[in-house]
Amino acid sequence: MSATRQKGAADRGLIAPTDWKRPSVRWSTRIAHGLLLACLAIAGLGPMLWLLKAATTPTQDTLRQPMALWPNGFDFANLVEAWTRVEIDKYFFNTVALAAGSWAVQLLVAATGGFALAVLRPRIGKVLSGAVLATLFVPSVVLLVPLYLTVLDPPLLGTSLLNTFWAVWLPAGASAFNVLLMQRFFANLPREIFEAAKVDGAGPYRLFWSIVLPMSRPIIGVVSVFAVIASWKDFLWPMLVLPDPNLQPLSVRLPILQQYVELDVFLAALAISSLIPIALFLVFQRMFLGGASLGGAIKG
């Protein structure tokens, strides 16, 4: 009887089953669902599709008929000119290098920190978790000046990190959100597996590398997407620590280049800079959607 009630509660929705059998209710609901899906698609994909269209459209056509679909044909020369004459290729590879390094540092810190807090469980683990959580309440603007002074004169190194990618990579690792995200996921993993591995003689390093990481692909995908997109769109910090134009990423150089290039070339450069985040999400979308609920623990 209880199972029947639970099933009925799970199937219950805004529209009763008896009303759903009526053709007028069923078709009106499907039409409303279709319209809602179309509106979401236009709102989500519309700007990106327009950008791709404008990147292959001459400037005059974009200004005169911004919503027309290539009234005078395609102009793929915009993409070539943006890649070569404006040197988007150099800034593009700078952005890729910054994003790759930030991703590696963030993943290393988040995985090891979450593993230590959730699996190893030191005596002061709750204090450390509270300290990490407390940093989320500190505005990032407040930390800007102390962090810049630290990069300008880092302790023990004796040399400034300005105009080096390390000035972006190292601060990116201090992401309390990613550490707590990893900690919560690791805490949901079955501890019976960890205990069995310890009985078999596995130490902390073997436990982390051979047991925890292979079980954590969903959350690794989530953290990867967050880390790369955050680095890809970051503007203020790279502008401060990378004053050399030859080292700056697209997020810093594109606003400066806008006043020197034509509109169609600038839009082509924007389209090129948008390809990596879109491709990244398409590659990791299954991991991202699978790990977003943080319910990836194996149930016995």
# chains A, B, ... in the order shown; residues from 1 in each chain; ligands from 1
$ select_by_dssp --residues "region 99-276 of chain A" --states "alpha helix (DSSP H)" --output "MDAnalysis selection string"
chainID A and resid 99:115 125:134 144:152 166:172 176:187 191:199 204:206 217:233 236:241 250:257 263:276
$ write_last_selection --atoms "C-alpha atoms" --output "compact mmCIF listing (two decimals), in the first residue's frame"
# COMPACT_ATOMS: atom_id res chain seq x y z
CA ALA A 99 43.34 28.60 -19.17
CA ALA A 100 45.26 25.31 -19.28
CA GLY A 101 47.60 26.33 -16.46
CA SER A 102 44.76 27.69 -14.31
CA TRP A 103 42.81 24.49 -14.90
CA ALA A 104 45.75 22.30 -13.85
CA VAL A 105 46.47 24.32 -10.69
CA GLN A 106 42.81 24.52 -9.66
CA LEU A 107 42.25 20.82 -10.24
CA LEU A 108 45.38 19.90 -8.26
CA VAL A 109 44.48 22.09 -5.28
CA ALA A 110 40.77 21.20 -5.30
CA ALA A 111 41.33 17.44 -5.65
CA THR A 112 44.04 17.17 -3.01
CA GLY A 113 42.28 19.56 -0.63
CA GLY A 114 38.94 17.81 -0.97
CA PHE A 115 40.64 14.42 -0.58
CA GLY A 125 39.35 18.83 9.49
CA LYS A 126 36.20 20.64 10.61
CA VAL A 127 38.22 23.73 11.51
CA LEU A 128 39.93 23.68 8.13
CA SER A 129 36.60 23.22 6.33
CA GLY A 130 35.18 26.15 8.24
CA ALA A 131 38.18 28.30 7.36
CA VAL A 132 37.88 27.41 3.68
CA LEU A 133 34.15 28.14 3.78
CA ALA A 134 34.75 31.49 5.50
CA LEU A 144 43.05 42.44 -4.98
CA VAL A 145 45.69 44.75 -3.48
CA PRO A 146 47.29 42.21 -1.07
CA LEU A 147 47.36 39.60 -3.82
CA TYR A 148 48.99 42.03 -6.25
CA LEU A 149 51.65 42.98 -3.68
CA THR A 150 52.33 39.28 -3.07
CA VAL A 151 52.79 38.65 -6.79
CA LEU A 152 54.95 41.75 -7.09
CA TRP A 166 52.57 32.06 -13.00
CA ALA A 167 51.06 35.34 -11.76
CA VAL A 168 47.73 34.09 -13.13
CA TRP A 169 48.13 30.36 -12.56
CA LEU A 170 49.05 30.36 -8.86
CA PRO A 171 46.27 32.67 -7.56
CA ALA A 172 43.75 30.70 -9.61
CA ALA A 176 37.51 27.64 -2.02
CA PHE A 177 34.40 26.82 -4.03
CA ASN A 178 36.15 24.08 -5.99
CA VAL A 179 37.71 22.63 -2.82
CA LEU A 180 34.31 22.43 -1.10
CA LEU A 181 32.76 21.00 -4.25
CA MET A 182 35.36 18.22 -4.34
CA GLN A 183 35.06 17.64 -0.60
CA ARG A 184 31.31 17.16 -0.79
CA PHE A 185 31.63 14.72 -3.69
CA PHE A 186 34.40 12.70 -2.00
CA ALA A 187 32.37 12.57 1.22
CA ARG A 191 34.03 4.50 2.71
CA GLU A 192 33.92 0.70 2.56
CA ILE A 193 36.08 0.86 -0.56
CA PHE A 194 38.64 3.06 1.22
CA GLU A 195 38.77 0.73 4.21
CA ALA A 196 39.22 -2.31 1.98
CA ALA A 197 42.04 -0.57 0.09
CA LYS A 198 43.76 0.31 3.37
CA VAL A 199 43.52 -3.31 4.49
CA PRO A 204 47.16 7.80 0.95
CA TYR A 205 48.84 8.43 -2.42
CA ARG A 206 47.76 5.10 -3.90
CA ARG A 217 35.26 11.78 -13.27
CA PRO A 218 31.87 13.61 -13.06
CA ILE A 219 33.07 16.16 -10.52
CA ILE A 220 36.39 16.55 -12.34
CA GLY A 221 34.41 17.48 -15.45
CA VAL A 222 32.38 20.03 -13.49
CA VAL A 223 35.45 21.65 -11.93
CA SER A 224 37.21 21.63 -15.31
CA VAL A 225 34.39 23.52 -17.00
CA PHE A 226 34.18 26.04 -14.16
CA ALA A 227 37.95 26.57 -14.09
CA VAL A 228 38.46 27.02 -17.83
CA ILE A 229 35.48 29.31 -18.36
CA ALA A 230 36.42 31.46 -15.35
CA SER A 231 39.97 31.82 -16.68
CA TRP A 232 38.80 32.41 -20.24
CA LYS A 233 36.60 35.39 -19.33
CA LEU A 236 40.85 42.49 -14.36
CA TRP A 237 43.55 40.24 -12.91
CA PRO A 238 45.36 39.41 -16.21
CA MET A 239 45.29 43.10 -17.07
CA LEU A 240 47.05 43.96 -13.80
CA VAL A 241 49.73 41.27 -13.73
CA LEU A 250 41.90 37.80 -25.59
CA SER A 251 39.76 39.13 -22.75
CA VAL A 252 42.27 41.96 -22.24
CA ARG A 253 43.31 42.65 -25.82
CA LEU A 254 39.94 42.60 -27.59
CA PRO A 255 38.55 45.75 -25.90
CA ILE A 256 41.77 47.57 -26.81
CA LEU A 257 41.74 46.34 -30.42
CA LEU A 263 33.40 46.00 -36.97
CA ASP A 264 33.24 42.81 -39.05
CA VAL A 265 36.83 41.88 -38.15
CA PHE A 266 36.18 42.61 -34.47
CA LEU A 267 33.05 40.42 -34.49
CA ALA A 268 35.05 37.68 -36.20
CA ALA A 269 37.61 37.92 -33.40
CA LEU A 270 34.82 37.64 -30.82
CA ALA A 271 33.48 34.56 -32.60
CA ILE A 272 36.91 32.92 -32.55
CA SER A 273 37.30 33.66 -28.84
CA SER A 274 33.93 32.00 -28.14
CA LEU A 275 34.76 28.68 -29.79
CA ILE A 276 36.77 27.10 -26.96
$ residues_around --residues "Gln60 (chain A)" --least-positions-apart "5" --cutoff "12 Å" --atoms "only C-alpha atoms" --output "list of chain:residue names"
A:Ala54, A:Gln65, A:Pro66, A:Ala68, A:Trp70, A:Pro71, A:Asn72, A:Asp75, A:Glu262, A:Leu263, A:Asp264
$ atom_distance --atom1 "CA of Arg123 (chain A)" --atom2 "CA of Gly173 (chain A)"
24.2 Å
$ atom_distance --atom1 "CA of Ser140 (chain A)" --atom2 "CA of Leu242 (chain A)"
18.6 Å
$ decode --residues "region 151-165 of chain A" --atoms "all heavy atoms" --output "PDB file, in the first residue's frame"
ATOM      1  N   VAL A 151      52.240  39.019  -5.482  1.00  0.00           N
ATOM      2  CA  VAL A 151      52.793  38.646  -6.790  1.00  0.00           C
ATOM      3  C   VAL A 151      53.965  39.552  -7.158  1.00  0.00           C
ATOM      4  O   VAL A 151      54.939  39.110  -7.779  1.00  0.00           O
ATOM      5  CB  VAL A 151      51.679  38.712  -7.861  1.00  0.00           C
ATOM      6  CG1 VAL A 151      52.259  38.567  -9.259  1.00  0.00           C
ATOM      7  CG2 VAL A 151      50.642  37.630  -7.613  1.00  0.00           C
ATOM      8  N   LEU A 152      53.883  40.808  -6.779  1.00  0.00           N
ATOM      9  CA  LEU A 152      54.953  41.754  -7.088  1.00  0.00           C
ATOM     10  C   LEU A 152      56.242  41.401  -6.356  1.00  0.00           C
ATOM     11  O   LEU A 152      57.341  41.508  -6.914  1.00  0.00           O
ATOM     12  CB  LEU A 152      54.506  43.169  -6.732  1.00  0.00           C
ATOM     13  CG  LEU A 152      55.462  44.311  -7.083  1.00  0.00           C
ATOM     14  CD1 LEU A 152      55.663  44.397  -8.585  1.00  0.00           C
ATOM     15  CD2 LEU A 152      54.940  45.627  -6.530  1.00  0.00           C
ATOM     16  N   ASP A 153      56.112  40.957  -5.103  1.00  0.00           N
ATOM     17  CA  ASP A 153      57.292  40.582  -4.318  1.00  0.00           C
ATOM     18  C   ASP A 153      56.972  39.307  -3.537  1.00  0.00           C
ATOM     19  O   ASP A 153      56.731  39.349  -2.334  1.00  0.00           O
ATOM     20  CB  ASP A 153      57.672  41.713  -3.362  1.00  0.00           C
ATOM     21  CG  ASP A 153      58.985  41.437  -2.629  1.00  0.00           C
ATOM     22  OD1 ASP A 153      59.743  40.550  -3.085  1.00  0.00           O
ATOM     23  OD2 ASP A 153      59.234  42.089  -1.599  1.00  0.00           O
ATOM     24  N   PRO A 154      56.965  38.161  -4.206  1.00  0.00           N
ATOM     25  CA  PRO A 154      56.588  36.916  -3.530  1.00  0.00           C
ATOM     26  C   PRO A 154      57.635  36.492  -2.507  1.00  0.00           C
ATOM     27  O   PRO A 154      58.841  36.644  -2.734  1.00  0.00           O
ATOM     28  CB  PRO A 154      56.492  35.901  -4.675  1.00  0.00           C
ATOM     29  CG  PRO A 154      57.379  36.455  -5.738  1.00  0.00           C
ATOM     30  CD  PRO A 154      57.296  37.943  -5.617  1.00  0.00           C
ATOM     31  N   PRO A 155      57.201  35.962  -1.386  1.00  0.00           N
ATOM     32  CA  PRO A 155      58.169  35.493  -0.384  1.00  0.00           C
ATOM     33  C   PRO A 155      58.943  34.285  -0.892  1.00  0.00           C
ATOM     34  O   PRO A 155      58.431  33.475  -1.669  1.00  0.00           O
ATOM     35  CB  PRO A 155      57.284  35.146   0.819  1.00  0.00           C
ATOM     36  CG  PRO A 155      55.924  34.898   0.230  1.00  0.00           C
ATOM     37  CD  PRO A 155      55.805  35.781  -0.956  1.00  0.00           C
ATOM     38  N   LEU A 156      60.192  34.182  -0.445  1.00  0.00           N
ATOM     39  CA  LEU A 156      61.093  33.064  -0.734  1.00  0.00           C
ATOM     40  C   LEU A 156      61.632  33.066  -2.159  1.00  0.00           C
ATOM     41  O   LEU A 156      62.754  32.620  -2.398  1.00  0.00           O
ATOM     42  CB  LEU A 156      60.410  31.713  -0.463  1.00  0.00           C
ATOM     43  CG  LEU A 156      59.876  31.500   0.966  1.00  0.00           C
ATOM     44  CD1 LEU A 156      59.219  30.136   1.066  1.00  0.00           C
ATOM     45  CD2 LEU A 156      60.990  31.633   1.996  1.00  0.00           C
ATOM     46  N   LEU A 157      60.870  33.551  -3.136  1.00  0.00           N
ATOM     47  CA  LEU A 157      61.351  33.511  -4.517  1.00  0.00           C
ATOM     48  C   LEU A 157      62.374  34.598  -4.798  1.00  0.00           C
ATOM     49  O   LEU A 157      63.345  34.381  -5.529  1.00  0.00           O
ATOM     50  CB  LEU A 157      60.172  33.644  -5.490  1.00  0.00           C
ATOM     51  CG  LEU A 157      59.175  32.486  -5.501  1.00  0.00           C
ATOM     52  CD1 LEU A 157      58.091  32.741  -6.533  1.00  0.00           C
ATOM     53  CD2 LEU A 157      59.876  31.162  -5.806  1.00  0.00           C
ATOM     54  N   GLY A 158      62.149  35.791  -4.256  1.00  0.00           N
ATOM     55  CA  GLY A 158      63.097  36.877  -4.462  1.00  0.00           C
ATOM     56  C   GLY A 158      63.020  37.535  -5.818  1.00  0.00           C
ATOM     57  O   GLY A 158      63.883  38.343  -6.166  1.00  0.00           O
ATOM     58  N   THR A 159      62.025  37.209  -6.637  1.00  0.00           N
ATOM     59  CA  THR A 159      61.858  37.821  -7.950  1.00  0.00           C
ATOM     60  C   THR A 159      60.379  38.012  -8.221  1.00  0.00           C
ATOM     61  O   THR A 159      59.542  37.220  -7.761  1.00  0.00           O
ATOM     62  CB  THR A 159      62.479  36.956  -9.057  1.00  0.00           C
ATOM     63  OG1 THR A 159      62.296  37.610 -10.327  1.00  0.00           O
ATOM     64  CG2 THR A 159      61.840  35.592  -9.111  1.00  0.00           C
ATOM     65  N   SER A 160      60.046  39.044  -8.947  1.00  0.00           N
ATOM     66  CA  SER A 160      58.654  39.364  -9.225  1.00  0.00           C
ATOM     67  C   SER A 160      58.070  38.379 -10.236  1.00  0.00           C
ATOM     68  O   SER A 160      58.763  37.892 -11.135  1.00  0.00           O
ATOM     69  CB  SER A 160      58.537  40.791  -9.766  1.00  0.00           C
ATOM     70  OG  SER A 160      57.209  41.076 -10.139  1.00  0.00           O
ATOM     71  N   LEU A 161      56.772  38.106 -10.071  1.00  0.00           N
ATOM     72  CA  LEU A 161      56.065  37.228 -10.999  1.00  0.00           C
ATOM     73  C   LEU A 161      55.288  37.992 -12.052  1.00  0.00           C
ATOM     74  O   LEU A 161      54.587  37.374 -12.866  1.00  0.00           O
ATOM     75  CB  LEU A 161      55.101  36.320 -10.220  1.00  0.00           C
ATOM     76  CG  LEU A 161      55.736  35.296  -9.280  1.00  0.00           C
ATOM     77  CD1 LEU A 161      54.656  34.494  -8.570  1.00  0.00           C
ATOM     78  CD2 LEU A 161      56.667  34.363 -10.035  1.00  0.00           C
ATOM     79  N   LEU A 162      55.388  39.321 -12.045  1.00  0.00           N
ATOM     80  CA  LEU A 162      54.702  40.106 -13.066  1.00  0.00           C
ATOM     81  C   LEU A 162      55.216  39.748 -14.453  1.00  0.00           C
ATOM     82  O   LEU A 162      56.393  39.443 -14.651  1.00  0.00           O
ATOM     83  CB  LEU A 162      54.893  41.601 -12.806  1.00  0.00           C
ATOM     84  CG  LEU A 162      54.191  42.187 -11.575  1.00  0.00           C
ATOM     85  CD1 LEU A 162      54.438  43.687 -11.504  1.00  0.00           C
ATOM     86  CD2 LEU A 162      52.693  41.889 -11.589  1.00  0.00           C
ATOM     87  N   ASN A 163      54.300  39.799 -15.421  1.00  0.00           N
ATOM     88  CA  ASN A 163      54.607  39.444 -16.808  1.00  0.00           C
ATOM     89  C   ASN A 163      55.058  37.995 -16.945  1.00  0.00           C
ATOM     90  O   ASN A 163      55.852  37.657 -17.820  1.00  0.00           O
ATOM     91  CB  ASN A 163      55.666  40.387 -17.399  1.00  0.00           C
ATOM     92  CG  ASN A 163      55.072  41.693 -17.866  1.00  0.00           C
ATOM     93  OD1 ASN A 163      53.923  41.746 -18.318  1.00  0.00           O
ATOM     94  ND2 ASN A 163      55.825  42.767 -17.742  1.00  0.00           N
ATOM     95  N   THR A 164      54.563  37.150 -16.083  1.00  0.00           N
ATOM     96  CA  THR A 164      54.722  35.703 -16.223  1.00  0.00           C
ATOM     97  C   THR A 164      53.360  35.051 -16.031  1.00  0.00           C
ATOM     98  O   THR A 164      52.507  35.569 -15.307  1.00  0.00           O
ATOM     99  CB  THR A 164      55.710  35.129 -15.190  1.00  0.00           C
ATOM    100  OG1 THR A 164      55.167  35.291 -13.874  1.00  0.00           O
ATOM    101  CG2 THR A 164      57.053  35.825 -15.280  1.00  0.00           C
ATOM    102  N   PHE A 165      53.154  33.936 -16.690  1.00  0.00           N
ATOM    103  CA  PHE A 165      51.873  33.234 -16.562  1.00  0.00           C
ATOM    104  C   PHE A 165      51.651  32.717 -15.150  1.00  0.00           C
ATOM    105  O   PHE A 165      50.514  32.473 -14.745  1.00  0.00           O
ATOM    106  CB  PHE A 165      51.810  32.087 -17.561  1.00  0.00           C
ATOM    107  CG  PHE A 165      51.614  32.533 -18.983  1.00  0.00           C
ATOM    108  CD1 PHE A 165      51.784  31.646 -20.033  1.00  0.00           C
ATOM    109  CD2 PHE A 165      51.262  33.847 -19.274  1.00  0.00           C
ATOM    110  CE1 PHE A 165      51.601  32.054 -21.339  1.00  0.00           C
ATOM    111  CE2 PHE A 165      51.082  34.266 -20.577  1.00  0.00           C
ATOM    112  CZ  PHE A 165      51.256  33.369 -21.622  1.00  0.00           C
TER     113      PHE A 165
END
